[in-house]
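Below is one structure, written out as structure tokens; the observations come after it.
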Amino acid sequence: MAVQFQVPPSNASHEAMRTMARGMLEKATLHKDVLVKRGMSEQLLGDLALALGEFEQTFEATRAGRREHIGASADLEAVAAEIAEQVRVLDGLVRYRLGDNAEVMGARASARNVLGPFKPRGEAGAGGRQTPKAA
């Protein structure tokens, strides 16, 4: 019977752990009388079922949170793309309207010359250079 209740490897995924624990609980429930006669507490299986249920709820909440995060990231990218498009349209209007005023266009060019966006070391920007890593 000990072969049926092997502890999963420490590097097993959460899904594998959940499946193995659920299978062990089912086997232990089938053999509850034998296990209790050999010293297992009668409330152990109930406690294990409760703990497994809590683990599964946490697991599902984590998966739902990950899905929401992915959806929110996609929405944010769409909004950023829309804003960038509106800025390009406004930029064209400003150049059309004030393009012959050298002083205003010079000040505008200076105002647009800002630092950023910043990228982590080693990550290339859009058309930018890759930042060398410190030795």
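Residue numbers start at 1 in each chain; chains themselves are named A, B, ... in the order of the structure tokens; ligands are numbered from 1 in the order shown.
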| message | Residues near segment 20-34 of chain A, anyone? I mean within 10 Å using only C-alpha atoms, not counting same-chain ones fewer than 4 positions away, as a PyMOL selection string. | response | chain A and resi 1+4-8+12+14-16+38-42+44-46+48-49+52-53
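Atom CA of Asp91 of chain A sits 11.0 Å away from atom CA of Ala109 of chain A.
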| task | Quick one: pull the distance between atom CA of Glu103 of chain A and atom CA of Leu90 of chain A, Å, one decimal. | result |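 If I compute the distance from atom CA of Glu103 of chain A to atom CA of Leu90 of chain A, I get 18.7 Å.
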Sel. of alpha helix (DSSP H) residues, chain A, as a PDB file with C-alpha atoms, in the first residue's frame:
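For reference, out_8.pdb as written:
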ATOM      1  CA  HIS A  14       1.151  22.707  -9.077  1.00  0.00           C
ATOM      2  CA  GLU A  15      -1.196  20.923 -11.478  1.00  0.00           C
ATOM      3  CA  ALA A  16       0.713  17.650 -11.030  1.00  0.00           C
ATOM      4  CA  MET A  17       0.717  18.077  -7.234  1.00  0.00           C
ATOM      5  CA  ARG A  18      -3.025  18.714  -7.240  1.00  0.00           C
ATOM      6  CA  THR A  19      -3.733  15.676  -9.419  1.00  0.00           C
ATOM      7  CA  MET A  20      -1.500  13.398  -7.342  1.00  0.00           C
ATOM      8  CA  ALA A  21      -2.970  14.635  -4.053  1.00  0.00           C
ATOM      9  CA  ARG A  22      -6.515  14.167  -5.342  1.00  0.00           C
ATOM     10  CA  GLY A  23      -5.643  10.605  -6.441  1.00  0.00           C
ATOM     11  CA  MET A  24      -4.026   9.777  -3.089  1.00  0.00           C
ATOM     12  CA  LEU A  25      -7.060  11.132  -1.232  1.00  0.00           C
ATOM     13  CA  GLU A  26      -9.381   8.952  -3.314  1.00  0.00           C
ATOM     14  CA  LYS A  27      -7.232   5.840  -2.713  1.00  0.00           C
ATOM     15  CA  ALA A  28      -6.965   6.583   1.003  1.00  0.00           C
ATOM     16  CA  THR A  29     -10.727   7.063   1.237  1.00  0.00           C
ATOM     17  CA  LEU A  30     -11.261   3.655  -0.380  1.00  0.00           C
ATOM     18  CA  LYS A  32      -9.839   4.196   5.149  1.00  0.00           C
ATOM     19  CA  ASP A  33     -10.710   1.249   7.421  1.00  0.00           C
ATOM     20  CA  VAL A  34      -7.331  -0.428   6.863  1.00  0.00           C
ATOM     21  CA  LEU A  35      -5.443   2.833   7.343  1.00  0.00           C
ATOM     22  CA  VAL A  36      -7.296   3.686  10.565  1.00  0.00           C
ATOM     23  CA  LYS A  37      -6.558   0.195  11.930  1.00  0.00           C
ATOM     24  CA  LEU A  44      -6.936  13.042   8.674  1.00  0.00           C
ATOM     25  CA  LEU A  45      -8.818  12.393   5.421  1.00  0.00           C
ATOM     26  CA  GLY A  46     -11.354  15.128   6.197  1.00  0.00           C
ATOM     27  CA  ASP A  47      -8.549  17.562   6.990  1.00  0.00           C
ATOM     28  CA  LEU A  48      -6.706  16.543   3.844  1.00  0.00           C
ATOM     29  CA  ALA A  49      -9.837  17.015   1.710  1.00  0.00           C
ATOM     30  CA  LEU A  50     -10.326  20.467   3.254  1.00  0.00           C
ATOM     31  CA  ALA A  51      -6.701  21.477   2.657  1.00  0.00           C
ATOM     32  CA  LEU A  52      -6.844  20.170  -0.905  1.00  0.00           C
ATOM     33  CA  GLY A  53     -10.035  22.145  -1.538  1.00  0.00           C
ATOM     34  CA  GLU A  54      -8.356  25.319  -0.258  1.00  0.00           C
ATOM     35  CA  PHE A  55      -5.306  24.622  -2.439  1.00  0.00           C
ATOM     36  CA  GLU A  56      -7.546  24.163  -5.493  1.00  0.00           C
ATOM     37  CA  GLN A  57      -9.367  27.438  -4.747  1.00  0.00           C
ATOM     38  CA  THR A  58      -6.044  29.253  -4.442  1.00  0.00           C
ATOM     39  CA  PHE A  59      -4.806  27.606  -7.633  1.00  0.00           C
ATOM     40  CA  GLU A  60      -7.929  28.690  -9.536  1.00  0.00           C
ATOM     41  CA  ALA A  61      -7.748  32.232  -8.104  1.00  0.00           C
ATOM     42  CA  THR A  62      -4.134  32.459  -9.274  1.00  0.00           C
ATOM     43  CA  ARG A  63      -5.068  31.295 -12.761  1.00  0.00           C
ATOM     44  CA  ALA A  64      -7.977  33.773 -12.905  1.00  0.00           C
ATOM     45  CA  GLY A  65      -5.679  36.580 -11.755  1.00  0.00           C
ATOM     46  CA  ARG A  66      -3.158  35.692 -14.441  1.00  0.00           C
ATOM     47  CA  ARG A  67      -5.890  35.740 -17.124  1.00  0.00           C
ATOM     48  CA  GLU A  68      -7.110  39.137 -15.890  1.00  0.00           C
ATOM     49  CA  HIS A  69      -3.556  40.488 -15.912  1.00  0.00           C
ATOM     50  CA  ILE A  70      -3.027  39.336 -19.490  1.00  0.00           C
ATOM     51  CA  GLY A  71      -6.332  40.910 -20.549  1.00  0.00           C
ATOM     52  CA  ALA A  72      -5.532  44.178 -18.771  1.00  0.00           C
ATOM     53  CA  SER A  73      -2.092  44.292 -20.396  1.00  0.00           C
ATOM     54  CA  ALA A  74      -3.654  43.842 -23.836  1.00  0.00           C
ATOM     55  CA  ASP A  75      -6.185  46.609 -23.096  1.00  0.00           C
ATOM     56  CA  LEU A  76      -3.387  48.907 -21.937  1.00  0.00           C
ATOM     57  CA  GLU A  77      -1.410  48.270 -25.130  1.00  0.00           C
ATOM     58  CA  ALA A  78      -4.495  49.070 -27.233  1.00  0.00           C
ATOM     59  CA  VAL A  79      -5.084  52.331 -25.345  1.00  0.00           C
ATOM     60  CA  ALA A  80      -1.403  53.280 -25.673  1.00  0.00           C
ATOM     61  CA  ALA A  81      -1.536  52.628 -29.442  1.00  0.00           C
ATOM     62  CA  GLU A  82      -4.653  54.797 -29.737  1.00  0.00           C
ATOM     63  CA  ILE A  83      -3.020  57.625 -27.774  1.00  0.00           C
ATOM     64  CA  ALA A  84       0.117  57.393 -29.921  1.00  0.00           C
ATOM     65  CA  GLU A  85      -2.032  57.663 -33.064  1.00  0.00           C
ATOM     66  CA  GLN A  86      -3.811  60.733 -31.674  1.00  0.00           C
ATOM     67  CA  VAL A  87      -0.453  62.326 -30.829  1.00  0.00           C
ATOM     68  CA  ARG A  88       0.734  61.707 -34.413  1.00  0.00           C
ATOM     69  CA  VAL A  89      -2.416  63.411 -35.755  1.00  0.00           C
ATOM     70  CA  LEU A  90      -1.961  66.377 -33.410  1.00  0.00           C
ATOM     71  CA  ASP A  91       1.724  66.561 -34.345  1.00  0.00           C
ATOM     72  CA  GLY A  92       0.738  66.841 -38.001  1.00  0.00           C
ATOM     73  CA  LEU A  93      -1.764  69.601 -37.228  1.00  0.00           C
ATOM     74  CA  VAL A  94       0.831  71.561 -35.232  1.00  0.00           C
ATOM     75  CA  ARG A  95       3.402  71.243 -38.027  1.00  0.00           C
ATOM     76  CA  TYR A  96       0.811  72.339 -40.621  1.00  0.00           C
ATOM     77  CA  ARG A  97      -0.417  75.278 -38.565  1.00  0.00           C
ATOM     78  CA  LEU A  98       2.888  76.543 -37.122  1.00  0.00           C
ATOM     79  CA  ALA A 102      10.830  78.865 -36.795  1.00  0.00           C
ATOM     80  CA  GLU A 103      10.905  80.005 -33.166  1.00  0.00           C
ATOM     81  CA  VAL A 104       7.800  77.984 -32.165  1.00  0.00           C
ATOM     82  CA  MET A 105       8.958  74.933 -34.136  1.00  0.00           C
ATOM     83  CA  GLY A 106      12.400  75.133 -32.469  1.00  0.00           C
ATOM     84  CA  ALA A 107      10.829  75.309 -29.002  1.00  0.00           C
ATOM     85  CA  ARG A 108       8.548  72.394 -29.928  1.00  0.00           C
ATOM     86  CA  ALA A 109      11.503  70.282 -31.082  1.00  0.00           C
ATOM     87  CA  SER A 110      13.321  71.077 -27.836  1.00  0.00           C
ATOM     88  CA  ALA A 111      10.274  70.129 -25.733  1.00  0.00           C
ATOM     89  CA  ARG A 112       9.943  66.821 -27.583  1.00  0.00           C
TER      90      ARG A 112
END
